[in-house]
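Everything below belongs to model.tsv, which stores TSV, C-alpha atoms and all ligand atoms.
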chain	number	residue	atom	x	y	z
A	1	MET	CA	0.00	0.00	0.00
A	2	PHE	CA	2.76	2.48	0.86
A	3	GLU	CA	4.00	2.56	-2.75
A	4	THR	CA	1.18	4.97	-3.57
A	5	LEU	CA	2.62	7.58	-1.18
A	6	GLN	CA	5.09	10.37	-1.80
A	7	LYS	CA	7.14	12.12	0.83
A	8	ALA	CA	5.14	14.92	2.48
A	9	PRO	CA	6.84	18.29	2.95
A	10	LEU	CA	8.35	18.94	6.39
A	11	ASP	CA	6.85	21.81	8.39
A	12	LYS	CA	9.30	24.60	7.66
A	13	ILE	CA	9.54	25.78	11.26
A	14	PHE	CA	10.32	22.35	12.68
A	15	ALA	CA	12.66	21.60	9.75
A	16	LEU	CA	14.63	24.73	10.60
A	17	LEU	CA	14.81	23.71	14.25
A	18	GLY	CA	16.37	20.40	13.16
A	19	GLN	CA	19.03	22.26	11.13
A	20	TYR	CA	19.75	24.58	14.05
A	21	ARG	CA	20.20	21.68	16.47
A	22	ALA	CA	22.61	19.99	14.06
A	23	ASP	CA	24.70	23.18	13.59
A	24	GLU	CA	27.91	22.90	15.65
A	25	ARG	CA	28.98	26.55	15.45
A	26	PRO	CA	29.18	27.88	19.04
A	27	ASN	CA	27.77	31.35	18.30
A	28	LYS	CA	24.61	30.10	16.54
A	29	ILE	CA	21.37	32.02	17.19
A	30	ASP	CA	17.89	30.49	16.87
A	31	LEU	CA	15.25	33.04	15.92
A	32	GLY	CA	13.09	30.36	14.29
A	33	ILE	CA	10.62	28.44	16.40
A	34	GLY	CA	8.12	30.58	18.33
A	35	VAL	CA	8.88	29.71	21.92
A	36	TYR	CA	9.60	32.17	24.71
A	37	LYS	CA	13.19	32.16	25.96
A	38	ASP	CA	14.69	33.71	29.08
A	39	ALA	CA	17.98	35.61	29.32
A	40	SER	CA	19.96	32.34	29.34
A	41	GLY	CA	18.21	31.07	26.22
A	42	ASN	CA	16.05	28.53	28.05
A	43	THR	CA	12.32	28.08	27.69
A	44	PRO	CA	11.59	27.90	31.42
A	45	ILE	CA	8.76	26.17	33.24
A	46	MET	CA	6.81	28.97	34.93
A	47	SER	CA	6.95	28.76	38.72
A	48	ALA	CA	3.13	28.89	38.98
A	49	VAL	CA	3.11	25.82	36.71
A	50	ILE	CA	5.65	23.98	38.88
A	51	ASN	CA	3.58	24.76	41.98
A	52	ALA	CA	0.38	23.55	40.33
A	53	GLU	CA	2.14	20.36	39.22
A	54	LYS	CA	3.22	19.71	42.82
A	55	ARG	CA	-0.42	19.88	43.83
A	56	ILE	CA	-1.43	17.44	41.11
A	57	LEU	CA	1.25	15.04	42.27
A	58	ALA	CA	0.07	15.32	45.88
A	59	ASP	CA	-3.69	15.34	45.31
A	60	GLN	CA	-4.57	13.47	42.12
A	61	THR	CA	-6.08	10.09	42.93
A	62	THR	CA	-6.88	8.66	39.50
A	63	LYS	CA	-5.82	8.69	35.89
A	64	SER	CA	-9.22	7.56	34.69
A	65	TYR	CA	-10.83	9.27	31.65
A	66	VAL	CA	-11.91	12.86	32.13
A	67	GLY	CA	-14.56	13.00	29.40
A	68	VAL	CA	-14.94	13.85	25.73
A	69	SER	CA	-15.31	17.61	26.23
A	70	GLY	CA	-12.29	17.70	28.54
A	71	ASN	CA	-11.51	19.43	31.80
A	72	ARG	CA	-14.55	21.65	32.48
A	73	GLY	CA	-12.80	23.78	35.11
A	74	PHE	CA	-10.06	24.55	32.57
A	75	CYS	CA	-12.52	25.45	29.78
A	76	ASP	CA	-14.64	27.63	32.08
A	77	SER	CA	-11.75	29.53	33.61
A	78	ILE	CA	-10.25	30.26	30.17
A	79	THR	CA	-13.67	31.40	28.91
A	80	ASP	CA	-13.92	33.75	31.93
A	81	LEU	CA	-10.39	35.01	31.34
A	82	ILE	CA	-11.09	35.85	27.71
A	83	PHE	CA	-14.61	37.24	27.88
A	84	ALA	CA	-14.96	38.30	31.55
A	85	ASP	CA	-18.53	39.66	31.84
A	86	THR	CA	-18.74	41.16	28.38
A	87	ILE	CA	-21.44	38.84	27.04
A	88	ASP	CA	-24.18	36.51	28.26
A	89	LYS	CA	-22.41	33.32	29.36
A	90	SER	CA	-25.32	31.06	28.34
A	91	ARG	CA	-24.49	31.76	24.67
A	92	ILE	CA	-20.91	30.50	25.10
A	93	THR	CA	-19.90	26.88	24.82
A	94	SER	CA	-16.49	25.25	24.84
A	95	VAL	CA	-14.55	22.00	24.60
A	96	GLN	CA	-10.96	21.23	25.48
A	97	ALA	CA	-8.64	20.28	22.63
A	98	PRO	CA	-4.93	19.47	22.26
A	99	GLY	CA	-3.34	22.93	22.12
A	100	GLY	CA	-4.32	25.84	19.95
A	101	THR	CA	-3.83	23.68	16.86
A	102	GLY	CA	-6.22	21.04	18.21
A	103	SER	CA	-8.79	23.72	19.02
A	104	LEU	CA	-8.57	25.15	15.51
A	105	TRP	CA	-8.87	21.64	14.15
A	106	VAL	CA	-12.12	20.97	16.01
A	107	ILE	CA	-13.45	24.36	14.89
A	108	MET	CA	-12.54	23.72	11.25
A	109	GLN	CA	-14.31	20.34	11.34
A	110	LEU	CA	-17.36	22.03	12.78
A	111	ILE	CA	-17.33	24.75	10.10
A	112	ASN	CA	-17.12	22.04	7.46
A	113	ARG	CA	-20.13	20.27	8.97
A	114	ALA	CA	-22.14	23.50	9.05
A	115	ASN	CA	-21.00	24.82	5.67
A	116	PRO	CA	-19.18	22.09	3.68
A	117	GLY	CA	-16.16	23.32	1.71
A	118	ALA	CA	-16.65	26.86	3.04
A	119	THR	CA	-14.22	29.59	2.11
A	120	VAL	CA	-12.13	30.70	5.07
A	121	TRP	CA	-10.29	33.98	4.60
A	122	VAL	CA	-6.84	34.10	6.17
A	123	SER	CA	-4.58	37.14	6.55
A	124	ASP	CA	-1.74	37.52	4.05
A	125	PRO	CA	0.62	36.42	5.54
A	126	SER	CA	-0.46	34.16	8.38
A	127	TRP	CA	0.77	31.38	10.66
A	128	PRO	CA	1.99	28.80	8.09
A	129	ASN	CA	-0.19	26.04	9.53
A	130	HIS	CA	-3.52	27.78	8.87
A	131	LYS	CA	-3.68	26.99	5.15
A	132	PRO	CA	-2.73	23.29	5.28
A	133	MET	CA	-5.05	22.71	8.24
A	134	LEU	CA	-7.96	24.31	6.38
A	135	GLU	CA	-7.23	22.22	3.31
A	136	LEU	CA	-6.99	19.04	5.36
A	137	ALA	CA	-10.36	19.89	6.92
A	138	GLY	CA	-11.91	20.14	3.43
A	139	LEU	CA	-12.28	23.92	3.56
A	140	ASN	CA	-11.19	26.49	0.99
A	141	PRO	CA	-8.49	28.88	2.26
A	142	GLN	CA	-8.25	32.29	0.58
A	143	PHE	CA	-6.19	35.31	1.62
A	144	TYR	CA	-7.25	38.85	2.51
A	145	PRO	CA	-4.73	41.73	2.37
A	146	TYR	CA	-3.10	42.36	5.72
A	147	PHE	CA	0.58	43.30	5.95
A	148	ASP	CA	2.19	46.04	3.91
A	149	GLN	CA	5.80	45.03	3.23
A	150	ASN	CA	6.78	48.65	2.55
A	151	THR	CA	5.34	50.40	5.56
A	152	ARG	CA	5.70	47.30	7.78
A	153	SER	CA	2.19	47.91	9.09
A	154	VAL	CA	-1.38	46.70	8.48
A	155	LYS	CA	-2.88	47.73	5.11
A	156	PHE	CA	-6.08	48.43	6.90
A	157	ASP	CA	-8.03	50.12	4.11
A	158	GLN	CA	-7.44	47.15	1.79
A	159	MET	CA	-8.22	44.67	4.54
A	160	LEU	CA	-11.50	46.41	5.37
A	161	ALA	CA	-12.50	46.68	1.71
A	162	ALA	CA	-11.95	42.90	1.39
A	163	LEU	CA	-14.02	42.22	4.51
A	164	ASP	CA	-16.79	44.53	3.30
A	165	SER	CA	-17.09	42.47	0.11
A	166	MET	CA	-17.74	39.19	1.94
A	167	GLY	CA	-21.03	37.47	2.66
A	168	PRO	CA	-22.69	35.13	5.18
A	169	LYS	CA	-21.11	32.02	3.67
A	170	ASP	CA	-17.57	33.34	4.28
A	171	THR	CA	-15.51	32.79	7.41
A	172	VAL	CA	-12.80	35.26	8.39
A	173	LEU	CA	-9.87	34.01	10.44
A	174	LEU	CA	-8.38	36.82	12.55
A	175	HIS	CA	-5.36	36.78	14.85
A	176	ALA	CA	-6.85	38.08	18.08
A	177	CYS	CA	-3.58	39.73	19.16
A	178	CYS	CA	0.18	39.46	18.48
A	179	HIS	CA	-0.16	38.72	14.75
A	180	ASN	CA	2.01	35.81	13.63
A	181	PRO	CA	4.26	36.32	11.66
A	182	SER	CA	4.12	40.09	11.14
A	183	GLY	CA	3.87	41.51	14.68
A	184	ALA	CA	1.62	44.23	13.20
A	185	ASN	CA	-1.71	44.40	15.00
A	186	LEU	CA	-5.05	46.15	14.70
A	187	SER	CA	-5.69	49.21	16.87
A	188	ASN	CA	-8.87	49.27	18.99
A	189	GLU	CA	-10.50	51.63	16.47
A	190	GLN	CA	-9.66	49.18	13.68
A	191	TRP	CA	-11.15	46.28	15.67
A	192	ASP	CA	-14.35	48.34	16.02
A	193	LEU	CA	-14.52	48.74	12.25
A	194	VAL	CA	-13.77	45.05	11.61
A	195	ALA	CA	-16.52	44.03	14.04
A	196	GLN	CA	-19.00	46.39	12.37
A	197	SER	CA	-18.07	45.06	8.93
A	198	LEU	CA	-18.56	41.43	10.02
A	199	ALA	CA	-21.90	42.26	11.63
A	200	ARG	CA	-23.00	44.06	8.46
A	201	THR	CA	-21.97	41.37	5.96
A	202	GLY	CA	-22.81	38.37	8.14
A	203	ALA	CA	-19.37	36.82	7.52
A	204	PHE	CA	-18.47	34.41	10.33
A	205	PRO	CA	-15.62	35.45	12.68
A	206	LEU	CA	-13.03	32.82	13.67
A	207	LEU	CA	-10.43	34.11	16.10
A	208	ASP	CA	-7.06	32.54	16.78
A	209	LEU	CA	-5.89	33.50	20.28
A	210	ALA	CA	-2.46	31.99	20.90
A	211	TYR	CA	-0.66	34.87	22.64
A	212	LEU	CA	-3.07	36.38	25.17
A	213	GLY	CA	-1.09	38.59	27.58
A	214	LEU	CA	2.07	38.74	25.47
A	215	GLY	CA	1.22	41.86	23.45
A	216	GLU	CA	-0.15	44.79	25.46
A	217	GLY	CA	-1.26	42.77	28.51
A	218	LEU	CA	-4.09	40.39	29.45
A	219	GLU	CA	-6.94	42.91	29.35
A	220	ALA	CA	-5.76	44.97	26.38
A	221	ASP	CA	-5.09	41.87	24.26
A	222	ALA	CA	-8.70	40.73	24.71
A	223	TYR	CA	-10.14	43.95	23.24
A	224	GLY	CA	-10.69	42.66	19.69
A	225	VAL	CA	-12.17	39.33	20.78
A	226	ARG	CA	-14.58	41.02	23.17
A	227	LYS	CA	-15.58	43.62	20.59
A	228	ILE	CA	-16.41	40.92	18.03
A	229	ALA	CA	-18.31	38.90	20.65
A	230	GLN	CA	-20.37	41.97	21.56
A	231	THR	CA	-21.02	43.03	17.96
A	232	CYS	CA	-21.54	39.80	16.00
A	233	PRO	CA	-24.28	37.22	16.72
A	234	GLU	CA	-21.93	34.23	16.38
A	235	MET	CA	-18.21	33.54	16.48
A	236	MET	CA	-15.65	30.84	17.27
A	237	LEU	CA	-12.26	31.05	18.91
A	238	GLY	CA	-9.28	28.72	19.28
A	239	PHE	CA	-7.30	29.36	22.46
A	240	SER	CA	-3.80	28.08	23.16
A	241	ALA	CA	-2.18	27.87	26.60
A	242	SER	CA	1.14	26.91	24.99
A	243	LYS	CA	2.79	30.32	25.08
A	244	ASN	CA	1.22	32.25	27.95
A	245	PHE	CA	1.43	29.32	30.38
A	246	GLY	CA	4.60	27.89	28.78
A	247	LEU	CA	2.83	24.55	28.35
A	248	TYR	CA	3.85	23.85	24.76
A	249	ARG	CA	4.29	20.06	24.97
A	250	GLU	CA	1.32	19.51	27.27
A	251	ARG	CA	-1.12	20.45	24.48
A	252	ALA	CA	-3.69	22.51	26.35
A	253	GLY	CA	-6.23	24.45	24.30
A	254	VAL	CA	-9.90	25.35	24.20
A	255	ALA	CA	-12.31	25.58	21.26
A	256	ILE	CA	-14.96	28.17	22.08
A	257	ALA	CA	-18.17	28.96	20.22
A	258	ILE	CA	-20.60	31.80	20.80
A	259	ALA	CA	-24.10	31.26	19.39
A	260	ASP	CA	-27.01	33.67	19.13
A	261	LYS	CA	-28.88	31.77	21.86
A	262	LYS	CA	-28.36	28.93	24.34
A	263	PRO	CA	-30.18	26.12	22.45
A	264	THR	CA	-27.92	26.72	19.44
A	265	ALA	CA	-24.86	26.78	21.69
A	266	ASP	CA	-25.93	23.36	23.03
A	267	ILE	CA	-26.13	21.96	19.50
A	268	VAL	CA	-22.67	23.35	18.67
A	269	PHE	CA	-21.29	21.77	21.86
A	270	SER	CA	-22.70	18.36	20.91
A	271	GLN	CA	-21.19	18.63	17.42
A	272	MET	CA	-17.76	19.61	18.74
A	273	ALA	CA	-17.86	16.73	21.24
A	274	ASN	CA	-18.84	14.42	18.39
A	275	VAL	CA	-15.86	15.61	16.30
A	276	ILE	CA	-13.53	14.91	19.23
A	277	ARG	CA	-14.97	11.46	19.98
A	278	GLY	CA	-14.62	10.49	16.33
A	279	SER	CA	-11.04	11.69	16.00
A	280	PHE	CA	-8.91	11.54	19.19
A	281	SER	CA	-11.63	10.82	21.77
A	282	GLN	CA	-10.22	12.97	24.59
A	283	SER	CA	-7.57	15.60	25.15
A	284	PRO	CA	-4.53	15.23	27.41
A	285	ASP	CA	-5.45	16.46	30.88
A	286	HIS	CA	-2.17	17.37	32.56
A	287	GLY	CA	-1.70	20.86	31.06
A	288	ALA	CA	-5.39	21.67	31.38
A	289	GLU	CA	-5.42	20.66	35.04
A	290	ILE	CA	-2.36	22.84	35.69
A	291	VAL	CA	-4.16	25.84	34.20
A	292	ARG	CA	-7.36	25.05	36.11
A	293	ILE	CA	-5.47	24.97	39.40
A	294	ILE	CA	-3.64	28.22	38.66
A	295	MET	CA	-6.75	30.09	37.57
A	296	ASN	CA	-8.74	29.02	40.64
A	297	ASP	CA	-6.15	29.80	43.29
A	298	PRO	CA	-5.64	33.55	43.88
A	299	THR	CA	-1.99	33.11	44.96
A	300	LEU	CA	-1.02	30.96	41.98
A	301	ARG	CA	-2.98	33.17	39.64
A	302	ASN	CA	-1.17	36.23	40.88
A	303	GLU	CA	2.15	34.40	40.51
A	304	TRP	CA	1.26	33.45	36.91
A	305	GLU	CA	0.12	36.96	35.97
A	306	THR	CA	3.33	38.43	37.39
A	307	GLU	CA	5.50	35.96	35.46
A	308	LEU	CA	3.54	36.52	32.26
A	309	GLU	CA	3.95	40.27	32.60
A	310	GLU	CA	7.71	39.80	33.12
A	311	MET	CA	7.85	37.76	29.92
A	312	ARG	CA	5.89	40.40	28.01
A	313	LEU	CA	8.12	43.22	29.25
A	314	ARG	CA	11.27	41.26	28.43
A	315	VAL	CA	10.09	40.84	24.82
A	316	LEU	CA	9.46	44.60	24.66
A	317	THR	CA	12.96	45.34	25.95
A	318	LEU	CA	14.46	42.99	23.36
A	319	ARG	CA	12.46	44.81	20.68
A	320	THR	CA	13.75	48.20	21.82
A	321	ASN	CA	17.36	46.98	22.05
A	322	LEU	CA	17.34	45.44	18.56
A	323	ALA	CA	15.64	48.48	17.02
A	324	ASN	CA	18.20	50.80	18.70
A	325	SER	CA	21.13	48.71	17.58
A	326	LEU	CA	19.82	48.50	14.00
A	327	ARG	CA	19.20	52.25	13.97
A	328	LYS	CA	22.83	52.86	14.95
A	329	GLN	CA	24.39	50.32	12.63
A	330	SER	CA	22.26	51.03	9.57
A	331	ASN	CA	22.19	54.76	10.26
A	332	SER	CA	18.50	54.76	9.32
A	333	ASP	CA	15.07	54.37	10.87
A	334	GLU	CA	14.02	51.55	8.56
A	335	PHE	CA	13.89	49.02	11.42
A	336	ASP	CA	12.03	51.19	13.91
A	337	PHE	CA	8.93	49.08	13.27
A	338	ILE	CA	10.51	46.35	15.42
A	339	GLU	CA	9.95	48.53	18.45
A	340	THR	CA	6.31	49.33	17.69
A	341	HIS	CA	5.28	45.78	16.78
A	342	ARG	CA	3.82	43.58	19.51
A	343	GLY	CA	3.98	39.89	20.31
A	344	MET	CA	6.69	37.34	19.73
A	345	PHE	CA	7.43	38.03	16.05
A	346	SER	CA	8.41	40.54	13.43
A	347	LEU	CA	9.12	40.15	9.73
A	348	LEU	CA	12.52	41.71	9.03
A	349	GLY	CA	11.99	42.21	5.30
A	350	LEU	CA	14.96	40.08	4.12
A	351	SER	CA	14.68	38.09	0.90
A	352	ALA	CA	14.79	34.28	1.03
A	353	GLU	CA	18.38	34.45	-0.34
A	354	GLN	CA	19.42	36.86	2.41
A	355	VAL	CA	17.84	34.60	5.03
A	356	GLN	CA	19.84	31.70	3.57
A	357	ARG	CA	23.06	33.76	3.62
A	358	ILE	CA	22.65	34.89	7.22
A	359	LYS	CA	22.15	31.24	8.19
A	360	GLU	CA	25.16	29.97	6.26
A	361	GLU	CA	27.57	32.81	7.00
A	362	LYS	CA	26.50	33.89	10.50
A	363	ALA	CA	24.71	30.85	11.96
A	364	ILE	CA	21.60	32.97	12.50
A	365	TYR	CA	18.41	30.98	11.94
A	366	MET	CA	15.10	32.58	10.94
A	367	ILE	CA	12.08	31.43	8.91
A	368	ASP	CA	12.56	31.95	5.15
A	369	ASP	CA	10.07	34.83	5.07
A	370	SER	CA	12.49	36.52	7.57
A	371	ARG	CA	10.17	36.10	10.55
A	372	ILE	CA	12.20	36.38	13.73
A	373	ASN	CA	11.21	35.22	17.19
A	374	ILE	CA	12.02	38.30	19.28
A	375	ALA	CA	12.30	36.22	22.47
A	376	GLY	CA	15.11	34.25	20.80
A	377	ILE	CA	17.39	37.31	20.57
A	378	PRO	CA	20.37	36.71	22.87
A	379	GLU	CA	20.54	39.83	25.07
A	380	HIS	CA	24.30	40.18	24.93
A	381	ASP	CA	24.61	39.52	21.21
A	382	THR	CA	22.07	42.06	19.99
A	383	ASP	CA	24.75	44.16	18.32
A	384	GLN	CA	26.24	41.08	16.64
A	385	LEU	CA	22.81	40.19	15.31
A	386	ALA	CA	22.10	43.75	14.12
A	387	ALA	CA	25.50	43.93	12.40
A	388	ALA	CA	24.81	40.65	10.57
A	389	ILE	CA	21.38	41.85	9.42
A	390	VAL	CA	22.81	45.13	8.11
A	391	GLU	CA	25.69	43.27	6.42
A	392	VAL	CA	23.44	40.86	4.45
A	393	LEU	CA	21.21	43.73	3.40
A	394	ARG	CA	24.11	45.64	1.85
B	1	LIG	C1	-1.18	32.00	15.45
B	1	LIG	C2	-1.04	30.67	16.11
B	1	LIG	N1	-2.12	29.91	16.29
B	1	LIG	C3	-2.05	28.71	16.87
B	1	LIG	C4	-0.85	28.21	17.31
B	1	LIG	C5	-0.87	26.83	17.91
B	1	LIG	O1	-0.33	26.68	19.14
B	1	LIG	P1	-0.27	25.26	19.86
B	1	LIG	O2	1.17	24.94	20.03
B	1	LIG	O3	-0.98	25.48	21.16
B	1	LIG	O4	-0.96	24.26	19.02
B	1	LIG	C6	0.31	28.95	17.15
B	1	LIG	C7	1.60	28.41	17.56
B	1	LIG	O5	2.65	28.79	17.13
B	1	LIG	C8	0.21	30.22	16.53
B	1	LIG	O6	1.28	30.99	16.35
Any chance you could give the structure as structure tokens?
Ligand SMILES: Cc1ncc(COP(=O)(O)O)c(C=O)c1O
Amino acid sequence: MFETLQKAPLDKIFALLGQYRADERPNKIDLGIGVYKDASGNTPIMSAVINAEKRILADQTTKSYVGVSGNRGFCDSITDLIFADTIDKSRITSVQAPGGTGSLWVIMQLINRANPGATVWVSDPSWPNHKPMLELAGLNPQFYPYFDQNTRSVKFDQMLAALDSMGPKDTVLLHACCHNPSGANLSNEQWDLVAQSLARTGAFPLLDLAYLGLGEGLEADAYGVRKIAQTCPEMMLGFSASKNFGLYRERAGVAIAIADKKPTADIVFSQMANVIRGSFSQSPDHGAEIVRIIMNDPTLRNEWETELEEMRLRVLTLRTNLANSLRKQSNSDEFDFIETHRGMFSLLGLSAEQVQRIKEEKAIYMIDDSRINIAGIPEHDTDQLAAAIVEVLR
């Protein structure tokens, strides 16, 4: 049977990580994979997470099945964190899924059940996994204009014109905050206009929320999501706890749907549970239970929020340092956008050949569209990095 198969392409981010690990040059820098790193280059386990794990070890009495829809305390506390009291809770429903990717997967299956082969509009550019996931789910990915390579900011007029031309059969996938890969985000006023456009056209909003708290802070980062929830009758959202709880390998995520009324929300819940049962049956509980414990204990929650804020501020400092160093070494303001962008990433604007050169000549690894993970910048080698970037550009 296998003779009918051809080799599938490697995910470019994980392929790059493999190359980086195999590189023996001592001064190598990994700006590829999107994980948070501390000053010593480690991706630490947050102390609130360690403390919650100790409680699990002491208190957990069984490893029996949790249930198809997952850890309810986890789903409910994440729903509260995202929406607070902005909308009627009875319209919201949720299931646990393996990470943000798993949540998006469940959502895409549900969209395909409701509207088979539907067109889902994705920002140009977007997280590289959106398109293949949509295709695998039987949906039709299309791109709406988003990032202006010249101004390094959102082409908002073009984006809005594209949204205004959509209809009720379209779904629009939006990065709720910390746009990946561009780092360029919508302002609150722009979110208001996007929400109004979606409400007017009836296009269905799908939000991808993988970096809550890592842009402007927990409350500010939820602005767009809450605005859409308050303005549009229906929406869905895939949440990931990978980055903001540092739980990458534990695969903790939530698929959330908001319906116009509770009976519809109940139907959506049953369909999402049915998708899960028919694919992977249940989600891993460990990461979800960690988050549930943290969110329901005021001391641990405070500890987590403090650590998350430290991470966010560190990324901002790294942005400022790199922008300053590039300003000095290039004698221009062309990289100032790095300081104003938010979240883990920015697109540097290097060609694929320049990205290849900086990897071969300087052992600096970035995705071929020149996306860099800001948290991967080694604090003490910022000038070395800036010099290499300026050198390959000349
Ligand atoms: C925009 C976006 N969505 C979803 C995800 C998925 O995260 P997870 O590792 O939780 O599946 C990521 C991870 O990089 C992401 O950047």
Minimum-distance residue to ligand LIG 1 (chain B), chosen among A:Glu250, A:Glu379, A:Asp88, A:Glu307 (using all atoms listed in the file):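 Ranking A:Glu250, A:Glu379, A:Asp88, A:Glu307 by distance to ligand LIG 1 (chain B), first place goes to A:Glu250.
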Write as a list in words the residues around ligand LIG 1 (chain B), taking 6 Å as the cut-off and counting all atoms listed in the file. Gly34, Gly99, Gly100, Thr101, Trp127, Asn180, Asp208, Ala210, Ser240, Ser242 and Tyr248 of chain A
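Interatomic distance, CA of Thr61 in chain A against CA of Asp285 in chain A: 13.6 Å.
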What is the distance, in Å and to one decimal place, between CA of Gly253 in chain A and CA of Arg72 in chain A? 12.0 Å
Write out as a VMD selection string which residues come within 10 Å of Met311 in chain A when counting all atoms listed in the file, dropping same-chain ones fewer than 5 positions away. chain A and resid 36 to 38 213 to 214 244 305 to 306 316 to 317 375
Neighbourhood query: residues within 12 Å of (-9.1, 42.3, 26.4), file coordinates, counting all atoms listed in the file; return as a PyMOL selection string. chain A and resi 80-86+176-177+188+191+209+211-229
Please report the interatomic distance between CA of Ala257 in chain A and CA of Ser123 in chain A in Å with one decimal. 20.9 Å
Which residue out of A:Ile78, A:Leu104, A:Ile389, A:Val154 has the minimum interatomic distance to Ala137 in chain A when all atoms listed in the file are used?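 Residue with the minimum atom-to-atom distance to Ala137 in chain A: A:Leu104.
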Selection: 7 Å around range 139-151 of chain A, only C-alpha atoms, excl. self and same-chain fewer than 3 positions, as a ChimeraX atom specification: /A:112,117-125,131,134-135,154-156,158-159,162
Polymer residues at most 8 Å from Trp304 in chain A, only C-alpha atoms, same-chain spacing of 3 or more positions, as a list in words: Met46, Ser47, Ala48, Val49, Phe245, Ile294, Leu300, Arg301, Glu307 and Leu308 of chain A
Counting all atoms listed in the file, which of A:Gln96, A:Ser90, A:Ser281, A:Asn373 gets nearest to Thr264 in chain A?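 For Thr264 in chain A, the nearest of the given residues is A:Ser90.
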List the neighbours of Met166 in chain A out to 10 Å using all atoms listed in the file; skip same-chain residues closer than 5 positions along the sequence, and give me the result as JSON, numbers by chain. {"A": [121, 161, 171, 172, 197, 198, 200, 201, 202, 203, 204]}
Hey, could you pull the box centre and edge lengths for range 376-392 of chain A, axis-aligned, 6 Å padding per side, all listed atoms, to one decimal in Å, as lines of an AutoDock Vina configuration file?
center_x = 20.7
center_y = 39.7
center_z = 14.8
size_x = 23.1
size_y = 22.9
size_z = 32.6
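Take the candidates A:Leu348, A:Met366, A:Val291, A:Ala388 and check each one against Ile50 in chain A using all atoms listed in the file; the shortest distance goes to A:Val291.
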Which residue of A:Gly287, A:Val66, A:Ile33, A:Ser279 approaches Asp11 in chain A most closely, using all atoms listed in the file: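 Comparing A:Gly287, A:Val66, A:Ile33, A:Ser279 against Asp11 in chain A, the winner is A:Ile33.
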Compile the contact shell of Ser270 in chain A as a ChimeraX atom specification: residues with an atom at most 12 Å away, counting all atoms listed in the file, same-chain residues fewer than 3 positions apart removed. /A:68-69,93-95,106,110,257,263-267,273-277
One residue among A:Asp30, A:Asp192, A:Glu53, A:Glu339 is nearest to Ile367 in chain A when using all atoms listed in the file, and that residue is A:Asp30
List as a PyMOL selection string: which residues have an atom within 12 Å of (0.0, 11.3, 27.7), counting only C-alpha atoms? chain A and resi 63+65+98+249-252+282-287
